[in-house]
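Raw contents of protein-v1.csv, CSV, C-alpha atoms:
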chain,number,residue,atom,x,y,z
A,435,MET,CA,-40.3,-3.0,74.0
A,436,PRO,CA,-39.6,-3.7,70.4
A,437,ARG,CA,-42.5,-3.3,68.0
A,438,LYS,CA,-43.8,-6.5,66.6
A,439,LEU,CA,-43.7,-6.6,62.8
A,440,ARG,CA,-46.8,-7.7,61.0
A,441,LYS,CA,-46.5,-10.6,58.6
A,442,PRO,CA,-46.4,-9.1,55.1
A,443,GLN,CA,-49.4,-9.6,52.9
A,444,PHE,CA,-48.8,-10.6,49.3
A,445,GLN,CA,-50.5,-9.4,46.2
A,446,GLY,CA,-49.6,-10.7,42.8
A,447,GLY,CA,-46.5,-12.4,44.2
A,448,VAL,CA,-45.1,-9.2,45.7
A,449,ALA,CA,-45.0,-8.5,49.4
A,450,LEU,CA,-46.7,-5.4,50.7
A,451,HIS,CA,-44.8,-4.1,53.7
A,452,ARG,CA,-47.7,-2.9,55.8
A,453,ASP,CA,-45.6,-2.8,58.9
A,454,SER,CA,-43.8,0.4,58.0
A,455,SER,CA,-44.7,3.6,59.7
A,456,ALA,CA,-44.7,5.5,56.4
A,457,TYR,CA,-47.2,3.1,55.1
A,458,GLY,CA,-49.5,3.8,58.1
A,459,LEU,CA,-49.3,7.5,57.5
A,460,ARG,CA,-50.2,7.1,53.9
A,461,MET,CA,-53.2,4.8,54.7
A,462,SER,CA,-54.4,7.4,57.2
A,463,TRP,CA,-54.5,10.0,54.4
A,464,TYR,CA,-56.2,7.4,52.2
A,465,GLN,CA,-59.1,6.9,54.8
A,466,ARG,CA,-59.6,10.7,55.2
A,467,ILE,CA,-59.8,11.3,51.4
A,468,ARG,CA,-62.1,8.3,50.9
A,469,ASN,CA,-64.5,9.5,53.6
A,470,ARG,CA,-64.5,13.0,52.1
A,471,ILE,CA,-65.4,11.5,48.7
A,472,LEU,CA,-68.2,9.4,50.1
A,473,GLY,CA,-69.7,12.3,52.1
A,474,SER,CA,-69.5,14.9,49.3
A,475,SER,CA,-72.2,15.7,46.8
A,476,ASN,CA,-70.1,18.2,44.8
A,477,THR,CA,-69.1,16.6,41.5
A,478,HIS,CA,-66.0,18.8,41.0
A,479,GLN,CA,-64.8,18.1,44.6
A,480,ILE,CA,-65.3,14.4,44.1
A,481,PHE,CA,-63.2,14.4,40.9
A,482,THR,CA,-60.4,16.4,42.6
A,483,LEU,CA,-60.4,14.1,45.6
A,484,SER,CA,-60.3,11.0,43.4
A,485,ILE,CA,-57.2,12.2,41.7
A,486,LEU,CA,-55.6,12.8,45.0
A,487,LEU,CA,-56.6,9.3,46.2
A,488,VAL,CA,-55.0,7.7,43.2
A,489,PHE,CA,-51.7,9.6,44.0
A,490,VAL,CA,-51.8,8.5,47.6
A,491,LEU,CA,-52.4,4.9,46.6
A,492,GLY,CA,-49.4,5.0,44.3
A,493,LEU,CA,-47.2,6.3,47.2
A,494,SER,CA,-48.4,3.6,49.5
A,495,GLY,CA,-47.1,0.8,47.3
A,496,CYS,CA,-50.5,-0.7,46.5
A,497,TYR,CA,-49.5,-1.0,42.8
A,498,PRO,CA,-46.7,-3.5,43.0
A,499,THR,CA,-44.0,-3.8,40.3
A,500,PRO,CA,-44.0,-7.3,38.7
A,501,GLN,CA,-41.0,-9.3,39.6
A,502,PRO,CA,-39.2,-11.4,37.0
A,503,THR,CA,-39.4,-14.6,39.2
A,504,PRO,CA,-42.6,-14.6,41.4
A,505,LEU,CA,-42.5,-16.5,44.7
A,506,VAL,CA,-44.9,-19.3,45.4
A,507,ASP,CA,-46.6,-19.7,48.8
A,508,SER,CA,-46.0,-22.9,50.7
A,509,ALA,CA,-49.0,-23.7,52.9
A,510,GLU,CA,-47.1,-26.3,54.9
A,511,THR,CA,-43.9,-24.3,55.8
A,512,GLY,CA,-45.0,-20.7,55.3
A,513,THR,CA,-41.9,-20.0,53.3
A,514,ARG,CA,-41.5,-18.6,49.8
A,515,SER,CA,-39.7,-20.5,47.1
A,516,PRO,CA,-39.3,-20.2,43.4
A,517,PRO,CA,-41.7,-22.2,41.3
A,518,THR,CA,-40.5,-25.7,40.4
A,519,LEU,CA,-39.2,-25.9,36.8
A,520,THR,CA,-39.6,-29.1,34.8
A,521,PRO,CA,-36.2,-30.2,33.7
A,522,GLN,CA,-35.6,-30.5,30.0
A,523,PRO,CA,-33.6,-33.4,28.6
A,524,ALA,CA,-30.1,-32.4,27.8
A,525,THR,CA,-28.9,-32.5,24.3
A,526,MET,CA,-26.0,-34.8,23.9
A,527,VAL,CA,-23.2,-33.5,21.8
A,528,GLU,CA,-20.9,-36.1,20.2
A,529,PRO,CA,-17.4,-35.3,21.3
A,530,ARG,CA,-15.0,-34.4,18.6
A,531,PRO,CA,-12.1,-36.7,18.2
A,532,SER,CA,-8.8,-35.2,19.5
A,533,PRO,CA,-6.3,-34.5,16.8
A,534,PRO,CA,-3.4,-36.8,16.8
A,535,PRO,CA,-0.4,-35.6,18.7
A,536,THR,CA,2.1,-33.8,16.6
A,537,THR,CA,5.8,-33.9,17.1
A,538,PRO,CA,7.3,-30.3,17.0
A,539,SER,CA,9.8,-29.7,14.3
A,540,PRO,CA,13.3,-29.7,15.9
A,541,ILE,CA,15.0,-26.4,16.0
A,542,PRO,CA,18.3,-26.8,14.1
A,543,SER,CA,21.2,-26.2,16.4
A,544,PRO,CA,24.1,-24.1,15.1
A,545,ILE,CA,27.0,-26.2,14.0
A,546,PRO,CA,29.7,-25.8,16.5
A,547,ARG,CA,32.9,-24.4,15.1
A,548,PRO,CA,36.3,-24.5,16.8
A,549,GLY,CA,37.7,-21.2,18.0
A,550,LEU,CA,40.8,-19.7,16.4
A,551,PRO,CA,43.7,-18.5,18.5
A,552,PRO,CA,43.9,-14.7,18.6
A,553,VAL,CA,46.5,-12.9,16.4
A,554,GLU,CA,48.2,-9.6,16.6
A,555,PRO,CA,45.8,-7.0,15.2
A,556,SER,CA,47.1,-5.3,12.1
A,557,LEU,CA,45.9,-4.2,8.7
A,558,ILE,CA,47.9,-5.9,5.9
A,559,THR,CA,48.1,-4.1,2.6
A,560,HIS,CA,50.9,-6.1,0.9
A,561,GLY,CA,53.5,-8.8,1.3
A,562,ASP,CA,57.2,-9.1,1.0
A,563,ARG,CA,58.5,-6.4,-1.4
A,564,SER,CA,61.7,-8.3,-2.1
A,565,ARG,CA,60.0,-11.3,-3.8
A,566,PRO,CA,58.1,-11.3,-7.1
A,567,TYR,CA,54.8,-12.7,-5.7
A,568,ILE,CA,51.4,-11.1,-6.3
A,569,ALA,CA,48.0,-12.1,-4.9
A,570,LEU,CA,44.8,-11.7,-6.8
A,571,THR,CA,41.8,-11.2,-4.5
A,572,PHE,CA,38.1,-11.1,-5.5
A,573,ASP,CA,35.2,-9.9,-3.2
A,574,ALA,CA,31.7,-11.5,-3.3
A,575,CYS,CA,29.7,-9.2,-1.1
A,576,GLN,CA,25.9,-8.7,-0.9
A,577,THR,CA,23.5,-6.5,1.2
A,578,ALA,CA,20.0,-7.1,2.3
A,579,ASP,CA,18.7,-4.5,-0.2
A,580,HIS,CA,21.0,-5.3,-3.1
A,581,PRO,CA,21.4,-9.0,-3.9
A,582,ALA,CA,24.5,-9.9,-5.9
A,583,GLY,CA,25.3,-12.6,-8.4
A,584,TYR,CA,28.1,-15.0,-9.3
A,585,ASP,CA,30.5,-14.2,-12.1
A,586,ALA,CA,31.2,-17.8,-13.3
A,587,ALA,CA,33.4,-16.4,-16.2
A,588,ILE,CA,36.0,-15.2,-13.7
A,589,ILE,CA,36.2,-18.6,-12.0
A,590,LYS,CA,36.5,-20.3,-15.3
A,591,ILE,CA,39.4,-18.0,-16.4
A,592,LEU,CA,41.2,-18.5,-13.1
A,593,THR,CA,40.7,-22.3,-13.4
A,594,GLU,CA,41.8,-22.5,-17.0
A,595,THR,CA,44.9,-20.4,-16.5
A,596,GLU,CA,45.7,-22.2,-13.2
A,597,THR,CA,45.8,-18.9,-11.4
A,598,PRO,CA,45.6,-19.1,-7.5
A,599,ALA,CA,43.3,-16.5,-5.9
A,600,THR,CA,41.9,-15.5,-2.5
A,601,LEU,CA,38.1,-15.0,-2.5
A,602,PHE,CA,36.5,-12.9,0.2
A,603,LEU,CA,32.9,-14.1,0.6
A,604,GLY,CA,30.1,-12.3,2.5
A,605,GLY,CA,27.7,-14.2,4.7
A,606,LEU,CA,24.6,-13.1,2.9
A,607,TRP,CA,26.2,-13.9,-0.4
A,608,MET,CA,27.1,-17.4,0.8
A,609,GLN,CA,23.5,-17.8,2.2
A,610,SER,CA,22.1,-17.2,-1.3
A,611,HIS,CA,24.9,-19.0,-3.1
A,612,PRO,CA,25.5,-22.2,-1.1
A,613,ALA,CA,26.3,-24.5,-4.0
A,614,GLN,CA,28.8,-22.0,-5.5
A,615,THR,CA,30.4,-21.5,-2.1
A,616,GLN,CA,31.0,-25.3,-1.8
A,617,THR,CA,32.3,-25.5,-5.4
A,618,LEU,CA,34.8,-22.7,-4.7
A,619,ALA,CA,35.9,-24.3,-1.4
A,620,ALA,CA,36.5,-27.6,-3.2
A,621,ASN,CA,38.9,-26.0,-5.8
A,622,PRO,CA,42.5,-26.2,-4.6
A,623,LEU,CA,43.4,-23.0,-6.4
A,624,PHE,CA,41.3,-20.9,-4.1
A,625,GLU,CA,41.5,-19.7,-0.6
A,626,LEU,CA,38.3,-18.3,1.1
A,627,GLY,CA,38.2,-15.3,3.4
A,628,ASN,CA,35.5,-13.6,5.5
A,629,HIS,CA,34.0,-10.4,4.0
A,630,SER,CA,31.4,-9.7,6.9
A,631,TRP,CA,27.8,-10.7,6.9
A,632,SER,CA,25.9,-7.9,5.2
A,633,HIS,CA,28.7,-5.6,3.9
A,634,ALA,CA,27.8,-3.0,6.5
A,635,ASP,CA,30.0,0.1,7.2
A,636,PHE,CA,32.0,-0.9,10.3
A,637,THR,CA,32.6,2.8,11.1
A,638,ARG,CA,28.9,3.0,11.9
A,639,LEU,CA,28.4,-0.2,13.9
A,640,SER,CA,28.3,-0.9,17.6
A,641,PRO,CA,30.8,-3.4,19.0
A,642,GLU,CA,27.9,-6.0,19.2
A,643,GLU,CA,27.0,-5.4,15.6
A,644,MET,CA,30.6,-5.7,14.4
A,645,SER,CA,31.0,-9.0,16.3
A,646,SER,CA,27.8,-10.3,14.8
A,647,GLU,CA,29.0,-9.4,11.2
A,648,ILE,CA,32.2,-11.3,11.7
A,649,LEU,CA,31.0,-14.4,13.7
A,650,ARG,CA,27.9,-15.1,11.6
A,651,THR,CA,30.0,-15.2,8.5
A,652,GLN,CA,32.5,-17.5,10.2
A,653,ALA,CA,29.6,-19.8,11.2
A,654,LYS,CA,28.1,-19.8,7.7
A,655,MET,CA,31.4,-20.7,6.1
A,656,TYR,CA,31.9,-23.5,8.5
A,657,GLU,CA,28.4,-24.8,8.0
A,658,LEU,CA,28.9,-24.9,4.2
A,659,THR,CA,32.5,-26.0,3.9
A,660,GLY,CA,33.5,-27.5,7.2
A,661,ARG,CA,36.4,-25.1,7.7
A,662,GLN,CA,36.9,-21.5,8.9
A,663,PRO,CA,38.6,-18.7,7.1
A,664,THR,CA,41.6,-17.0,8.8
A,665,LEU,CA,41.5,-13.9,6.7
A,666,PHE,CA,39.1,-10.9,6.9
A,667,ARG,CA,38.4,-8.0,4.6
A,668,PHE,CA,36.4,-5.0,5.8
A,669,PRO,CA,33.5,-3.8,3.7
A,670,TYR,CA,34.5,-0.7,1.7
A,671,ASP,CA,38.1,-1.6,2.8
A,672,VAL,CA,37.6,0.6,5.9
A,673,GLY,CA,37.5,-0.4,9.6
A,674,PRO,CA,38.1,1.5,12.9
A,675,ASP,CA,40.8,0.5,15.3
A,676,GLN,CA,38.3,-1.1,17.7
A,677,ALA,CA,37.1,-3.4,14.9
A,678,LEU,CA,40.7,-4.2,13.9
A,679,VAL,CA,41.4,-5.3,17.5
A,680,MET,CA,38.2,-7.4,17.5
A,681,VAL,CA,39.2,-9.1,14.2
A,682,GLY,CA,42.5,-10.1,15.7
A,683,GLN,CA,40.9,-11.4,18.9
A,684,TYR,CA,38.8,-13.7,16.7
A,685,GLY,CA,41.9,-15.1,15.1
A,686,LEU,CA,41.6,-13.3,11.8
A,687,ARG,CA,44.1,-11.2,9.9
A,688,ALA,CA,42.6,-8.1,8.3
A,689,ILE,CA,43.6,-7.9,4.6
A,690,SER,CA,43.4,-4.8,2.5
A,691,GLY,CA,45.4,-4.2,-0.7
A,692,ASP,CA,47.7,-1.8,-2.5
A,693,VAL,CA,46.2,-2.2,-6.0
A,694,VAL,CA,42.5,-1.3,-6.5
A,695,SER,CA,41.2,-2.2,-9.9
A,696,GLY,CA,38.2,0.1,-9.8
A,697,ASP,CA,36.0,-2.6,-11.5
A,698,PRO,CA,32.7,-1.6,-9.7
A,699,ASP,CA,32.7,1.6,-11.7
A,700,PRO,CA,30.7,1.0,-14.9
A,701,ARG,CA,32.5,3.8,-16.6
A,702,LEU,CA,35.8,2.0,-16.3
A,703,SER,CA,36.5,-0.1,-19.4
A,704,ALA,CA,38.3,-3.4,-19.4
A,705,ARG,CA,41.3,-1.7,-21.0
A,706,ALA,CA,41.4,0.9,-18.3
A,707,ILE,CA,41.2,-1.9,-15.6
A,708,VAL,CA,44.2,-3.7,-17.2
A,709,GLN,CA,46.2,-0.5,-17.4
A,710,ALA,CA,45.4,0.4,-13.7
A,711,VAL,CA,46.3,-3.0,-12.3
A,712,THR,CA,49.5,-3.7,-14.4
A,713,SER,CA,50.9,-0.2,-13.9
A,714,GLN,CA,50.5,-0.3,-10.1
A,715,ALA,CA,51.5,-3.9,-9.3
A,716,GLU,CA,54.9,-4.7,-7.7
A,717,ASN,CA,56.5,-7.3,-5.6
A,718,GLY,CA,54.1,-8.4,-2.8
A,719,SER,CA,51.1,-6.6,-4.2
A,720,ILE,CA,47.5,-7.5,-3.2
A,721,ILE,CA,45.1,-6.7,-6.0
A,722,ILE,CA,41.4,-6.0,-5.2
A,723,MET,CA,38.7,-7.0,-7.7
A,724,HIS,CA,35.1,-8.3,-7.6
A,725,MET,CA,33.4,-11.6,-8.6
A,726,ASN,CA,29.8,-10.9,-7.6
A,727,THR,CA,28.8,-9.3,-11.0
A,728,TRP,CA,29.4,-5.9,-9.4
A,729,GLY,CA,32.6,-5.7,-11.4
A,730,TRP,CA,31.4,-4.5,-14.7
A,731,HIS,CA,34.3,-5.5,-16.9
A,732,THR,CA,36.4,-7.7,-14.6
A,733,ALA,CA,36.0,-10.9,-16.5
A,734,GLU,CA,36.8,-9.1,-19.8
A,735,ALA,CA,40.0,-7.6,-18.3
A,736,LEU,CA,41.2,-10.6,-16.3
A,737,PRO,CA,42.9,-12.6,-19.1
A,738,ALA,CA,45.1,-9.6,-20.0
A,739,VAL,CA,45.9,-8.8,-16.4
A,740,ILE,CA,47.1,-12.4,-15.8
A,741,ARG,CA,49.1,-12.6,-19.0
A,742,GLN,CA,50.9,-9.2,-18.7
A,743,LEU,CA,51.9,-9.7,-15.1
A,744,ARG,CA,53.2,-13.1,-15.8
A,745,ASP,CA,55.2,-11.7,-18.7
A,746,LYS,CA,56.7,-9.3,-16.2
A,747,GLY,CA,58.0,-12.2,-14.1
A,748,TYR,CA,55.4,-12.2,-11.3
A,749,THR,CA,54.0,-15.4,-9.8
A,750,PHE,CA,50.4,-15.5,-8.5
A,751,VAL,CA,49.9,-16.9,-5.0
A,752,THR,CA,47.1,-16.8,-2.4
A,753,VAL,CA,47.3,-14.2,0.3
A,754,SER,CA,48.3,-16.8,2.9
A,755,GLN,CA,51.1,-17.9,0.7
A,756,LEU,CA,52.1,-14.3,0.1
A,757,LEU,CA,52.4,-13.7,3.8
A,758,GLY,CA,54.2,-17.0,4.5
A,759,LEU,CA,51.2,-18.5,6.3
A,760,GLY,CA,50.6,-21.3,3.9
A,761,PRO,CA,52.5,-23.8,1.7
A,762,PRO,CA,54.3,-22.2,-1.3
Kindly transcribe the structure held in the file into structure tokens.
Amino acid sequence: MPRKLRKPQFQGGVALHRDSSAYGLRMSWYQRIRNRILGSSNTHQIFTLSILLVFVLGLSGCYPTPQPTPLVDSAETGTRSPPTLTPQPATMVEPRPSPPPTTPSPIPSPIPRPGLPPVEPSLITHGDRSRPYIALTFDACQTADHPAGYDAAIIKILTETETPATLFLGGLWMQSHPAQTQTLAANPLFELGNHSWSHADFTRLSPEEMSSEILRTQAKMYELTGRQPTLFRFPYDVGPDQALVMVGQYGLRAISGDVVSGDPDPRLSARAIVQAVTSQAENGSIIIMHMNTWGWHTAEALPAVIRQLRDKGYTFVTVSQLLGLGPP
């Protein structure tokens, strides 16, 4: 038959579980020690037994641990419940007005550009050797670490002497010189070409990087001028066969040259540039120079180059005219 549990007694808000067998055993010891103390007349023995009694009382749970939330007796129901708390009036916080809705700034969409029909990949270094036509070309390249300028003196000389030229512009250069790019595009003497985005060495680029260098420049040119170049010049005038095929697939003709002026070399004087160009030029030549202030003495040498080659009977044309791709 199951043992009937005693109703727990409470002291200081804590139940004393007197129904446990361990508690009964400890209380039995308590009675024995208490009786020994009351029946003893030996002071030392009474002191020792008192210490023992205190120890037994501690084990029996008669010294309750205070609880953080004491229970309160209910005489009507016999249940224990937490004391009733008096509610405090809530502090009303004025709601902050919501900020007015903002319209997100529209993300500019890239200007769509028409695709060019692919052409046969090839690297063109000169035109027809049987006709006295020469093409002056000027590169305007720029890298992320080395910004370049704009040599207005060169453009002024070409304009004043009515000398056609083909200008190969880099994407970063156009991005930092948008007004100059539009001015050059509006001049009927000039033809604009693609000179890659950041003047990176194509022999060290992945196919994805090469594609980006070409197409980003095409897009920037179309954004600024409303038209796309059909000519491309490799940075450092070097490109692997894979890049050459890619250029042709994008509808561009890769243009190199057969006369290098050497104008980026600060040790090369204007007189030396004139001598190098005029001594090498022949029918169909494509001459490579710079117009981004990286040509140290280009503007100084240019008038003599134009004059001497005309005196030899040559006619200046754009690269497309030289190759029979544009009007004469």
Which residues are close to stretch 566-572 of chain A, i.e. within 9 Å by all atoms listed in the file, leaving aside same-chain residues fewer than 3 positions away? Reply as a ChimeraX atom specification.
/A:560-563,597-603,691,715-726,743,747-753,755-756
What gap, in Å, lies between atom CA of A:Gly673 and atom CA of A:Thr712?
27.0 Å
Between atom CA of A:Ser610 and atom CA of A:Ala587, measure the distance and give it in Å to one decimal.
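Going from atom CA of A:Ser610 over to atom CA of A:Ala587 covers 18.7 Å.
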Once 6 Å is added on each side, what centre and edge lengths in Å to one decimal does the axis-aligned box around all listed atoms of stretch 626-636 of chain A have, as JSON?
{"center_x": 32.1, "center_y": -9.1, "center_z": 5.7, "size_x": 24.4, "size_y": 30.4, "size_z": 21.2}
Using all atoms listed in the file, can you tell me which of A:Met680, A:Ala613, A:Ala620, A:Ile588 comes closest to A:Ser640?
A:Met680
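Atom pair atom CA of A:Gly682 / atom CA of A:Pro551: separated by 8.9 Å.
Between A:His580 and the candidates A:Ser630, A:Thr727, A:Thr664, A:Ser556, the tightest atom-to-atom separation, counting all atoms listed in the file, involves A:Thr727.
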Of the listed residues A:Val693, A:Leu686, A:Leu759, A:Ala582, that which approaches A:Ile648 most closely, counting only C-alpha atoms
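That would be A:Leu686, the residue with the smallest distance to A:Ile648.
Residues in contact with A:Ala677 at 8 Å, where all atoms listed in the file are counted and same-chain residues fewer than 6 positions away are skipped, are listed as A:Phe636, A:Pro641, A:Met644.
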For A:Pro548, the nearest of the candidates A:Glu642, A:Asp585, A:Glu657, A:Asp579, counting only C-alpha atoms:
A:Glu657
Residue among A:Pro612, A:Leu757, A:Leu702, A:Thr595 lying closest to A:Arg744, counting all atoms listed in the file
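Closest candidate: A:Thr595.
Residues in contact with A:His633 at up to 9 Å, not including ones fewer than 5 positions away on its chain and judged by all atoms listed in the file, are A:Cys575, A:Gln576, A:Thr577, A:Ala578, A:Gly604, A:Gly605, A:Leu606, A:Glu647, A:Phe668, A:Pro669, A:Tyr670.
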Give me, as a PDB file with C-alpha atoms, in the coordinates of the input, all polymer residues having an atom no more than 12 Å from A:Ala653, counting all atoms listed in the file and skipping those fewer than 2 positions away in the same chain.
ATOM      1  CA  SER A 543      21.200 -26.200  16.400  1.00  0.00           C
ATOM      2  CA  PRO A 544      24.100 -24.100  15.100  1.00  0.00           C
ATOM      3  CA  ILE A 545      27.000 -26.200  14.000  1.00  0.00           C
ATOM      4  CA  PRO A 546      29.700 -25.800  16.500  1.00  0.00           C
ATOM      5  CA  ARG A 547      32.900 -24.400  15.100  1.00  0.00           C
ATOM      6  CA  PRO A 548      36.300 -24.500  16.800  1.00  0.00           C
ATOM      7  CA  GLY A 549      37.700 -21.200  18.000  1.00  0.00           C
ATOM      8  CA  GLY A 604      30.100 -12.300   2.500  1.00  0.00           C
ATOM      9  CA  GLY A 605      27.700 -14.200   4.700  1.00  0.00           C
ATOM     10  CA  LEU A 606      24.600 -13.100   2.900  1.00  0.00           C
ATOM     11  CA  MET A 608      27.100 -17.400   0.800  1.00  0.00           C
ATOM     12  CA  GLN A 609      23.500 -17.800   2.200  1.00  0.00           C
ATOM     13  CA  ASN A 628      35.500 -13.600   5.500  1.00  0.00           C
ATOM     14  CA  SER A 630      31.400  -9.700   6.900  1.00  0.00           C
ATOM     15  CA  TRP A 631      27.800 -10.700   6.900  1.00  0.00           C
ATOM     16  CA  SER A 646      27.800 -10.300  14.800  1.00  0.00           C
ATOM     17  CA  GLU A 647      29.000  -9.400  11.200  1.00  0.00           C
ATOM     18  CA  ILE A 648      32.200 -11.300  11.700  1.00  0.00           C
ATOM     19  CA  LEU A 649      31.000 -14.400  13.700  1.00  0.00           C
ATOM     20  CA  ARG A 650      27.900 -15.100  11.600  1.00  0.00           C
ATOM     21  CA  THR A 651      30.000 -15.200   8.500  1.00  0.00           C
ATOM     22  CA  MET A 655      31.400 -20.700   6.100  1.00  0.00           C
ATOM     23  CA  TYR A 656      31.900 -23.500   8.500  1.00  0.00           C
ATOM     24  CA  GLU A 657      28.400 -24.800   8.000  1.00  0.00           C
ATOM     25  CA  LEU A 658      28.900 -24.900   4.200  1.00  0.00           C
ATOM     26  CA  THR A 659      32.500 -26.000   3.900  1.00  0.00           C
ATOM     27  CA  GLY A 660      33.500 -27.500   7.200  1.00  0.00           C
ATOM     28  CA  ARG A 661      36.400 -25.100   7.700  1.00  0.00           C
ATOM     29  CA  GLN A 662      36.900 -21.500   8.900  1.00  0.00           C
ATOM     30  CA  PRO A 663      38.600 -18.700   7.100  1.00  0.00           C
TER      31      PRO A 663
END
Kindly indicate which residue among A:Gln616, A:Glu596, A:Tyr684, A:Leu626 lies nearest to A:Ile740, using all atoms listed in the file for the distances.
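Among A:Gln616, A:Glu596, A:Tyr684, A:Leu626, it is A:Glu596 that comes nearest to A:Ile740.
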Extract stretch 547-559 of chain A from the preceding block and save C-alpha atoms as a short mmCIF file (atom, residue, chain, number, x, y, z; two decimals), in the first residue's frame.
data_model
loop_
_atom_site.label_atom_id
_atom_site.label_comp_id
_atom_site.auth_asym_id
_atom_site.auth_seq_id
_atom_site.Cartn_x
_atom_site.Cartn_y
_atom_site.Cartn_z
CA ARG A 547 25.44 49.50 -78.68
CA PRO A 548 24.93 47.70 -81.97
CA GLY A 549 27.13 44.71 -82.59
CA LEU A 550 29.64 44.83 -85.41
CA PRO A 551 29.85 42.01 -87.95
CA PRO A 552 32.95 39.83 -87.44
CA VAL A 553 35.96 40.27 -89.71
CA GLU A 554 38.83 38.03 -90.68
CA PRO A 555 41.42 38.18 -87.87
CA SER A 556 44.74 39.66 -88.95
CA LEU A 557 47.38 42.09 -87.70
CA ILE A 558 47.77 44.98 -90.13
CA THR A 559 51.12 46.75 -90.18
#
